[in-house]
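**Q** Structure file work28.txt (compact mmCIF, C-alpha atoms and all ligand atoms) right here:
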# COMPACT_ATOMS: atom_id res chain seq x y z
CA MET C 1087 0.00 0.00 0.00
CA THR C 1088 1.42 3.41 -0.89
CA SER C 1089 0.87 6.22 1.56
CA THR C 1090 0.16 9.68 0.16
CA GLN C 1091 0.15 12.86 2.16
CA ALA C 1092 -3.43 14.07 2.62
CA LYS C 1093 -4.25 17.18 0.61
CA PRO C 1094 -5.39 20.24 2.58
CA LYS C 1095 -9.15 20.78 2.56
CA VAL C 1096 -10.69 23.87 1.00
CA LEU C 1097 -14.32 25.00 1.07
CA VAL C 1098 -15.59 27.20 -1.75
CA ALA C 1099 -18.56 28.92 -0.14
CA ARG C 1100 -19.99 30.40 -3.36
CA ALA C 1101 -20.50 29.16 -6.91
CA ILE C 1102 -17.51 30.11 -9.07
CA PHE C 1103 -16.14 29.31 -12.55
CA PRO C 1104 -16.06 25.48 -12.95
CA ASP C 1105 -12.53 25.52 -14.42
CA HIS C 1106 -11.36 27.38 -11.31
CA ILE C 1107 -12.77 24.58 -9.12
CA ALA C 1108 -10.81 22.14 -11.29
CA ARG C 1109 -7.61 24.10 -10.61
CA LEU C 1110 -8.25 24.00 -6.86
CA GLU C 1111 -8.80 20.23 -7.08
CA GLU C 1112 -5.25 19.78 -8.37
CA HIS C 1113 -4.02 20.92 -4.94
CA PHE C 1114 -6.81 20.41 -2.44
CA GLU C 1115 -9.69 18.24 -1.35
CA VAL C 1116 -12.47 20.61 -2.36
CA VAL C 1117 -16.06 21.02 -1.22
CA SER C 1118 -17.82 23.48 -3.50
CA ASN C 1119 -21.25 25.10 -3.75
CA PRO C 1120 -22.17 24.83 -7.46
CA LYS C 1121 -25.82 25.73 -6.82
CA ASP C 1122 -24.74 28.86 -4.91
CA GLU C 1123 -26.88 27.94 -1.91
CA SER C 1124 -27.08 30.51 0.89
CA TRP C 1125 -25.68 28.99 4.05
CA THR C 1126 -26.47 30.18 7.56
CA LYS C 1127 -23.54 30.89 9.84
CA ALA C 1128 -24.19 27.55 11.61
CA GLN C 1129 -24.11 25.71 8.25
CA LEU C 1130 -20.90 27.48 7.26
CA ILE C 1131 -19.30 26.54 10.59
CA GLU C 1132 -20.38 22.93 10.12
CA LYS C 1133 -18.90 22.81 6.61
CA LEU C 1134 -15.64 24.35 7.86
CA GLN C 1135 -14.87 21.52 10.28
CA GLY C 1136 -11.49 20.01 9.33
CA VAL C 1137 -11.07 22.67 6.60
CA GLN C 1138 -7.86 24.73 6.25
CA GLY C 1139 -8.86 27.24 3.59
CA VAL C 1140 -12.11 28.94 2.60
CA PHE C 1141 -13.03 30.89 -0.54
CA VAL C 1142 -15.64 33.50 0.38
CA ALA C 1143 -17.32 36.44 -1.32
CA GLY C 1144 -18.59 38.67 1.46
CA GLU C 1145 -19.43 35.99 4.06
CA ARG C 1146 -18.91 37.26 7.62
CA ILE C 1147 -15.78 35.92 9.32
CA ASP C 1148 -15.72 36.82 13.03
CA ALA C 1149 -14.48 35.57 16.39
CA GLU C 1150 -17.50 33.31 16.92
CA LEU C 1151 -16.87 31.52 13.61
CA LEU C 1152 -13.10 31.36 14.16
CA ASP C 1153 -13.54 29.90 17.68
CA ALA C 1154 -15.72 27.17 16.18
CA CYS C 1155 -13.36 26.36 13.25
CA PRO C 1156 -9.97 25.56 14.79
CA ASP C 1157 -8.46 24.07 11.60
CA LEU C 1158 -9.01 27.19 9.50
CA LYS C 1159 -5.79 28.91 8.33
CA ILE C 1160 -6.87 31.23 5.50
CA CYS C 1161 -10.03 33.08 4.42
CA ALA C 1162 -9.67 34.30 0.85
CA ASN C 1163 -12.22 36.97 -0.10
CA MET C 1164 -13.22 37.45 -3.76
CA ALA C 1165 -13.54 41.24 -3.38
CA VAL C 1166 -11.26 44.17 -2.77
CA GLY C 1167 -13.40 45.38 0.16
CA TYR C 1168 -13.11 43.18 3.24
CA ASN C 1169 -15.43 44.72 5.81
CA ASN C 1170 -16.94 41.21 6.14
CA PHE C 1171 -13.70 40.24 7.94
CA ASP C 1172 -13.04 40.99 11.59
CA LEU C 1173 -9.35 41.26 10.78
CA ASP C 1174 -8.27 41.74 14.39
CA ALA C 1175 -10.05 38.53 15.40
CA MET C 1176 -8.49 36.72 12.43
CA THR C 1177 -5.02 37.91 13.40
CA ALA C 1178 -5.62 36.89 17.04
CA HIS C 1179 -6.63 33.41 15.81
CA GLY C 1180 -3.61 33.21 13.47
CA VAL C 1181 -5.90 33.12 10.42
CA LEU C 1182 -4.77 34.89 7.25
CA GLY C 1183 -7.15 37.09 5.25
CA THR C 1184 -6.66 37.97 1.59
CA ASN C 1185 -8.58 40.16 -0.89
CA THR C 1186 -8.44 41.01 -4.61
CA PRO C 1187 -6.97 44.48 -5.14
CA ASP C 1188 -5.80 45.93 -8.49
CA VAL C 1189 -7.44 43.39 -10.82
CA LEU C 1190 -10.79 45.21 -10.61
CA THR C 1191 -9.60 48.82 -10.49
CA GLU C 1192 -10.17 49.89 -14.11
CA THR C 1193 -13.41 47.92 -14.57
CA THR C 1194 -14.86 49.45 -11.40
CA ALA C 1195 -13.73 52.94 -12.41
CA ASP C 1196 -15.46 52.42 -15.79
CA PHE C 1197 -18.64 51.55 -13.92
CA GLY C 1198 -18.35 54.59 -11.65
CA LEU C 1199 -18.38 56.83 -14.72
CA ALA C 1200 -21.16 54.79 -16.35
CA LEU C 1201 -23.37 55.12 -13.26
CA LEU C 1202 -22.58 58.82 -13.00
CA MET C 1203 -23.60 59.35 -16.62
CA ALA C 1204 -26.75 57.24 -16.33
CA THR C 1205 -27.69 59.25 -13.24
CA ALA C 1206 -26.90 62.70 -14.60
CA ARG C 1207 -28.66 61.96 -17.91
CA ARG C 1208 -31.66 60.21 -16.30
CA MET C 1209 -31.29 57.05 -18.34
CA SER C 1210 -33.23 54.64 -16.08
CA GLU C 1211 -36.07 57.05 -15.48
CA SER C 1212 -36.49 57.79 -19.19
CA GLU C 1213 -36.24 54.12 -20.16
CA HIS C 1214 -39.02 53.22 -17.71
CA PHE C 1215 -41.13 56.00 -19.23
CA LEU C 1216 -40.54 54.65 -22.73
CA ARG C 1217 -41.20 51.00 -21.78
CA ALA C 1218 -44.44 52.04 -20.06
CA GLY C 1219 -45.68 53.43 -23.40
CA GLN C 1220 -45.78 56.99 -22.06
CA TRP C 1221 -43.71 58.54 -24.87
CA GLN C 1222 -46.28 60.35 -27.05
CA ARG C 1223 -44.21 63.21 -28.45
CA TRP C 1224 -40.90 65.06 -28.05
CA SER C 1225 -40.86 68.07 -25.79
CA TYR C 1226 -38.17 70.65 -25.15
CA ASP C 1227 -37.53 69.75 -21.49
CA MET C 1228 -38.20 66.02 -21.56
CA PHE C 1229 -35.77 64.28 -19.17
CA SER C 1230 -33.34 67.16 -19.17
CA GLY C 1231 -30.50 66.24 -16.89
CA SER C 1232 -27.17 67.80 -16.04
CA ASP C 1233 -23.95 67.92 -18.02
CA VAL C 1234 -21.06 65.63 -17.19
CA HIS C 1235 -18.41 67.20 -19.45
CA GLY C 1236 -16.91 70.34 -18.02
CA SER C 1237 -18.63 69.92 -14.64
CA THR C 1238 -17.04 69.60 -11.19
CA LEU C 1239 -16.49 66.02 -10.07
CA GLY C 1240 -16.05 65.47 -6.32
CA ILE C 1241 -14.55 62.12 -5.29
CA ILE C 1242 -14.65 60.97 -1.67
CA GLY C 1243 -12.10 58.17 -1.22
CA MET C 1244 -9.08 58.54 -3.47
CA GLY C 1245 -7.65 55.03 -3.53
CA ARG C 1246 -6.90 53.21 -6.76
CA ILE C 1247 -10.51 53.19 -7.97
CA GLY C 1248 -11.06 56.84 -7.04
CA GLN C 1249 -7.92 57.74 -8.99
CA GLY C 1250 -9.20 55.77 -12.00
CA ILE C 1251 -12.46 57.75 -11.91
CA ALA C 1252 -10.54 61.03 -11.55
CA ARG C 1253 -8.40 60.26 -14.62
CA ARG C 1254 -11.43 59.36 -16.70
CA GLY C 1255 -13.29 62.48 -15.57
CA ALA C 1256 -10.40 64.90 -15.99
CA HIS C 1257 -8.78 63.55 -19.15
CA GLY C 1258 -11.86 62.13 -20.90
CA PHE C 1259 -14.60 64.59 -19.98
CA GLY C 1260 -12.71 67.76 -19.13
CA MET C 1261 -14.09 67.70 -15.59
CA ASP C 1262 -12.66 69.81 -12.83
CA VAL C 1263 -11.78 67.14 -10.25
CA ILE C 1264 -11.71 67.74 -6.51
CA TYR C 1265 -11.24 65.00 -3.93
CA HIS C 1266 -11.33 64.30 -0.24
CA ASN C 1267 -9.43 61.47 1.38
CA ARG C 1268 -8.00 60.49 4.77
CA SER C 1269 -4.60 61.53 3.45
CA ARG C 1270 -3.54 63.71 0.54
CA LEU C 1271 -2.08 62.05 -2.56
CA ASP C 1272 1.51 62.92 -3.36
CA ALA C 1273 1.99 65.77 -5.83
CA ALA C 1274 2.84 63.52 -8.81
CA LEU C 1275 -0.37 61.51 -8.39
CA GLU C 1276 -2.44 64.68 -7.99
CA THR C 1277 -0.97 65.96 -11.26
CA ASP C 1278 -1.58 62.65 -13.01
CA CYS C 1279 -5.22 62.61 -11.85
CA LYS C 1280 -5.57 66.39 -12.38
CA ALA C 1281 -7.22 66.39 -8.94
CA ARG C 1282 -7.22 69.01 -6.19
CA TYR C 1283 -7.53 68.15 -2.50
CA VAL C 1284 -10.35 69.91 -0.60
CA GLY C 1285 -12.16 69.50 2.74
CA LYS C 1286 -15.29 67.35 2.77
CA GLU C 1287 -17.61 70.31 3.29
CA GLU C 1288 -16.13 72.28 0.39
CA LEU C 1289 -16.40 69.21 -1.83
CA LEU C 1290 -20.07 68.70 -0.99
CA LYS C 1291 -20.90 72.37 -1.55
CA THR C 1292 -18.96 72.68 -4.81
CA ALA C 1293 -19.29 69.41 -6.73
CA ASP C 1294 -21.86 68.88 -9.47
CA HIS C 1295 -21.35 65.14 -9.13
CA VAL C 1296 -20.21 63.43 -5.94
CA VAL C 1297 -18.81 59.90 -6.24
CA LEU C 1298 -18.18 57.74 -3.15
CA VAL C 1299 -15.36 55.21 -3.28
CA VAL C 1300 -14.39 55.09 0.38
CA PRO C 1301 -13.91 51.70 2.15
CA TYR C 1302 -16.50 50.84 4.78
CA SER C 1303 -15.50 50.91 8.45
CA PRO C 1304 -17.25 52.13 11.60
CA ALA C 1305 -15.49 55.47 10.98
CA SER C 1306 -16.94 55.83 7.47
CA HIS C 1307 -20.49 54.74 8.47
CA HIS C 1308 -22.97 57.30 7.08
CA THR C 1309 -20.26 59.48 5.53
CA ILE C 1310 -23.28 60.93 3.73
CA GLY C 1311 -26.38 61.53 5.86
CA ALA C 1312 -29.05 64.24 6.05
CA ALA C 1313 -26.57 66.95 7.11
CA GLU C 1314 -24.17 66.23 4.22
CA LEU C 1315 -27.01 65.97 1.67
CA ALA C 1316 -28.18 69.40 2.85
CA LEU C 1317 -24.79 70.84 1.86
CA MET C 1318 -25.02 69.59 -1.73
CA LYS C 1319 -26.33 71.69 -4.61
CA PRO C 1320 -29.98 71.04 -5.50
CA THR C 1321 -28.76 70.24 -9.03
CA ALA C 1322 -26.10 67.78 -7.83
CA THR C 1323 -25.97 64.00 -8.22
CA LEU C 1324 -24.60 61.43 -5.78
CA VAL C 1325 -23.09 58.08 -6.83
CA ASN C 1326 -22.27 55.30 -4.36
CA ILE C 1327 -20.12 52.42 -5.65
CA ALA C 1328 -18.34 51.97 -2.29
CA ARG C 1329 -20.36 49.96 0.22
CA GLY C 1330 -23.78 49.97 1.77
CA GLY C 1331 -23.68 51.96 5.01
CA ILE C 1332 -21.49 54.74 3.59
CA VAL C 1333 -24.76 56.51 2.75
CA ASP C 1334 -27.78 56.80 5.06
CA ASP C 1335 -30.21 55.34 2.51
CA ALA C 1336 -33.34 56.50 4.36
CA ALA C 1337 -32.07 60.10 4.45
CA LEU C 1338 -31.11 59.86 0.77
CA ALA C 1339 -34.59 58.68 -0.21
CA VAL C 1340 -36.08 61.74 1.53
CA ALA C 1341 -33.60 64.10 -0.17
CA LEU C 1342 -34.42 62.57 -3.57
CA ARG C 1343 -38.17 62.70 -3.05
CA GLU C 1344 -38.00 66.32 -1.93
CA LYS C 1345 -35.58 67.12 -4.81
CA ARG C 1346 -33.02 68.47 -2.36
CA ILE C 1347 -30.51 66.87 -4.72
CA ALA C 1348 -31.29 66.09 -8.34
CA ALA C 1349 -30.52 62.39 -8.56
CA ALA C 1350 -28.51 59.45 -7.25
CA GLY C 1351 -26.90 56.32 -8.66
CA LEU C 1352 -26.49 53.42 -6.25
CA ASP C 1353 -24.71 50.10 -6.77
CA VAL C 1354 -24.52 49.25 -3.05
CA PHE C 1355 -27.09 49.40 -0.25
CA GLU C 1356 -27.45 49.21 3.50
CA GLY C 1357 -28.45 45.61 4.28
CA GLU C 1358 -28.20 44.47 0.61
CA PRO C 1359 -29.60 42.52 -1.16
CA LYS C 1360 -32.50 44.26 0.57
CA VAL C 1361 -33.03 47.81 -0.70
CA HIS C 1362 -34.67 50.54 1.36
CA PRO C 1363 -38.31 50.48 0.14
CA ASP C 1364 -38.40 54.26 -0.30
CA LEU C 1365 -35.52 54.07 -2.81
CA LEU C 1366 -37.62 51.72 -4.92
CA THR C 1367 -40.38 54.30 -5.28
CA VAL C 1368 -38.46 57.51 -5.99
CA PRO C 1369 -37.93 57.99 -9.73
CA ASN C 1370 -34.70 60.00 -9.67
CA VAL C 1371 -32.37 57.17 -8.69
CA VAL C 1372 -30.53 54.60 -10.80
CA LEU C 1373 -30.28 51.27 -8.95
CA THR C 1374 -27.92 48.40 -9.82
CA PRO C 1375 -27.28 45.18 -7.83
CA HIS C 1376 -23.62 45.55 -6.75
CA ILE C 1377 -22.17 44.92 -10.21
CA ALA C 1378 -19.38 47.52 -10.47
CA SER C 1379 -16.69 44.87 -11.03
CA ALA C 1380 -18.92 42.58 -13.09
CA THR C 1381 -17.25 41.95 -16.43
CA VAL C 1382 -16.29 38.41 -17.37
CA PRO C 1383 -12.51 39.08 -17.55
CA THR C 1384 -12.51 40.97 -14.24
CA ARG C 1385 -14.65 38.47 -12.35
CA ARG C 1386 -12.36 35.71 -13.67
CA ALA C 1387 -9.29 37.69 -12.57
CA MET C 1388 -10.79 38.20 -9.09
CA SER C 1389 -11.62 34.50 -8.76
CA LYS C 1390 -8.14 33.54 -10.03
CA LEU C 1391 -6.43 35.86 -7.53
CA THR C 1392 -8.54 34.38 -4.71
CA ILE C 1393 -7.36 30.91 -5.75
CA ASP C 1394 -3.75 32.09 -6.19
CA ASN C 1395 -3.92 33.21 -2.57
CA LEU C 1396 -5.21 29.82 -1.37
CA ILE C 1397 -2.58 27.90 -3.34
CA GLY C 1398 0.13 30.44 -2.59
CA PHE C 1399 -0.42 30.21 1.14
CA LEU C 1400 -1.49 26.60 1.78
CA VAL C 1401 0.93 25.01 -0.73
CA HIS C 1402 3.90 27.43 -0.89
CA GLY C 1403 3.53 29.52 2.29
CA LYS C 1404 3.39 32.71 0.15
CA PRO C 1405 0.01 34.38 -0.37
CA VAL C 1406 -0.17 37.03 -3.09
CA THR C 1407 -2.23 39.76 -1.38
CA PRO C 1408 -2.24 39.18 2.40
CA LEU C 1409 -4.25 41.60 4.55
CA ASN C 1410 -2.70 40.67 7.90
CA PRO C 1411 0.84 39.50 7.01
CA SER C 1412 1.84 39.42 10.68
CA VAL C 1413 0.11 36.00 10.71
CA LEU C 1414 2.82 34.71 8.33
CA LYS C 1415 5.49 35.41 10.94
CA GLN C 1416 3.49 33.49 13.56
CA ALA C 1417 3.25 30.37 11.30
C1 LIG W 1 -16.77 44.72 -4.44
O1 LIG W 1 -17.60 45.39 -3.90
C2 LIG W 1 -15.44 44.56 -3.96
O2 LIG W 1 -15.14 44.99 -2.84
O3 LIG W 1 -14.63 43.97 -4.68
So, in terms of structure tokens, how does the structure I just supplied come out?

**A**
Amino acid sequence: MTSTQAKPKVLVARAIFPDHIARLEEHFEVVSNPKDESWTKAQLIEKLQGVQGVFVAGERIDAELLDACPDLKICANMAVGYNNFDLDAMTAHGVLGTNTPDVLTETTADFGLALLMATARRMSESEHFLRAGQWQRWSYDMFSGSDVHGSTLGIIGMGRIGQGIARRGAHGFGMDVIYHNRSRLDAALETDCKARYVGKEELLKTADHVVLVVPYSPASHHTIGAAELALMKPTATLVNIARGGIVDDAALAVALREKRIAAAGLDVFEGEPKVHPDLLTVPNVVLTPHIASATVPTRRAMSKLTIDNLIGFLVHGKPVTPLNPSVLKQA
């Protein structure tokens, strides 16, 4: 009888590309979720018994789960944002977290501009009107929106995606770009993005279009609430491609209904996939189901990077994009 070393076990908590499962199977004993079933926390914990690595896409990883899953060594998130991870708890448990930066930057920046344009030019609202058979004749002010070219673009959160949006706005649409961020970009990056640093209040008062690309944390919760919406121009638009919870959705629905701002474009929501019911009834908002990174090449690149992290860490001891590398020193 020949003895072979047992392969590490990996759980893939969400449906992913079948050829990517095949690649994982070359290295691991894999349990996958091809039907993309939603598992409760208890079910996830049960499936993680004896498992060293998990592929997740937004599933919550916290101390309670880590306490109950003593074999777990790595949680690889198929997303750049990782507010589903309690990273301190993971570090305390010696569990590595990884995410998928860079591979989605340009695709997500494209979407930021697309959502801004759809919002400013009232594309969803006018399409619904047309589909409902309400278009009888042309009129001079039908669905007049606001200009994108030559306007002032205010970006809150100037990481890689924010910079991508700034470049598109400044170089492609001749926009005057202002930004607010925890820290100022260095001068060369500001020149490259043609972006000027301003305080949050000045940005909200000045921008024609405000785009949110800030990561979610308790500190960024409700970055935009009733008070901030009150500072914006009545003609302004607001676009959120960051995370649910960055905007107070209830306050936004009121501001949209009362036309205190002109329009909003939202790809992310508080408590998604639920959407605040008032947002579903106001006409001046474009709603999309968290698809900013959703192109086939980018979703494949995100899934591949997630797998590279699992293989890199569990097989070679070298993850590609570790979030808490101090865990590597403990190992
Ligand atoms: C998507 O929202 C991501 O964080 O990648």

**Q** Go through C:Thr1193, C:Ser1232, C:Ser1212, C:Ser1412 one by one, measure the shortest atom-to-atom distance of each to C:Ser1379 using all atoms listed in the file, and give the residue with the smallest value.

**A**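 Checking each of C:Thr1193, C:Ser1232, C:Ser1212, C:Ser1412 against C:Ser1379, counting all atoms listed in the file, the winner is C:Thr1193.
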
**Q** Please compute the atom CA of C:Ser1210-atom CA of C:Ala1195 distance, one decimal, in Å.

**A**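 So the two atoms, atom CA of C:Ser1210 and atom CA of C:Ala1195, lie 19.9 Å apart.
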
**Q** So the first atom is atom CA of C:Ala1348 and the second is atom CA of C:Asn1370; what is the distance between them in Å, to one decimal place?

**A** 7.1 Å

**Q** Which value, in Å to one decimal, gives the distance between atom CA of C:Val1116 and atom CA of C:Phe1171?

**A**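 One can read the atom CA of C:Val1116 to atom CA of C:Phe1171 distance as 22.2 Å.
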
**Q** Counting all atoms listed in the file, figure out which residue out of C:Phe1259, C:Tyr1283, C:Trp1221, C:Phe1355 gets nearest to ligand LIG 1 (chain W).

**A**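 Going through C:Phe1259, C:Tyr1283, C:Trp1221, C:Phe1355 one by one, the smallest distance to ligand LIG 1 (chain W) is for C:Phe1355.
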
**Q** Considering all atoms listed in the file, can you say which of C:Ser1303, C:Asn1185, C:Ser1118, C:Thr1205 comes closest to ligand LIG 1 (chain W)?

**A**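 Among C:Ser1303, C:Asn1185, C:Ser1118, C:Thr1205, it is C:Asn1185 that comes nearest to ligand LIG 1 (chain W).
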
**Q** What does the list of residues within 6 Å of ligand LIG 1 (chain W) look like if you count only C-alpha atoms and all ligand atoms, written as number ranges by chain?

**A** C: 1165-1167

**Q** Smallest atom-to-atom distance to C:Lys1159: which of C:Gly1219, C:Gly1144, C:Pro1094, C:Pro1363, using only C-alpha atoms?

**A** C:Pro1094

**Q** Using all atoms listed in the file, which residues of stretch 1171-1263 of chain C come within 9 Å of stretch 1388-1391 of chain C, and what is the closest atom pair for each, with the distance in Å to one decimal? Give it as a tab-separated table, sorted by chain and residue number.

**A**
residue	atom	partner	partner_atom	distance
C:Asn1185	CA	C:Leu1391	CA	8.2
C:Thr1186	CA	C:Met1388	CA	5.8
C:Pro1187	CA	C:Met1388	CA	8.3
C:Val1189	CA	C:Met1388	CA	6.4
C:Leu1190	CA	C:Met1388	CA	7.2

**Q** Pull C-alpha atoms from the residues just selected and write them as an mmCIF file, in the frame of the given file.

**A**
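Here's the written file again.cif:
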data_model
loop_
_atom_site.group_PDB
_atom_site.id
_atom_site.type_symbol
_atom_site.label_atom_id
_atom_site.label_comp_id
_atom_site.auth_asym_id
_atom_site.auth_seq_id
_atom_site.Cartn_x
_atom_site.Cartn_y
_atom_site.Cartn_z
ATOM 1 C CA ASN C 1185 -8.580 40.160 -0.890
ATOM 2 C CA THR C 1186 -8.440 41.010 -4.610
ATOM 3 C CA PRO C 1187 -6.970 44.480 -5.140
ATOM 4 C CA VAL C 1189 -7.440 43.390 -10.820
ATOM 5 C CA LEU C 1190 -10.790 45.210 -10.610
#

**Q** Using all atoms listed in the file, list the residues that have an atom at most 12 Å from (-17.5, 63.7, 9.1), coordinates as in the file, as a list in words.

**A**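 Every residue inside that radius is included here: Ile1242, His1266, Asn1267, Arg1268, Gly1285, Lys1286, Glu1287, Leu1290, Pro1304, Ala1305, Ser1306, His1307, His1308, Thr1309, Ile1310, Gly1311, Ala1312, Ala1313, Glu1314 and Ile1332 of chain C.
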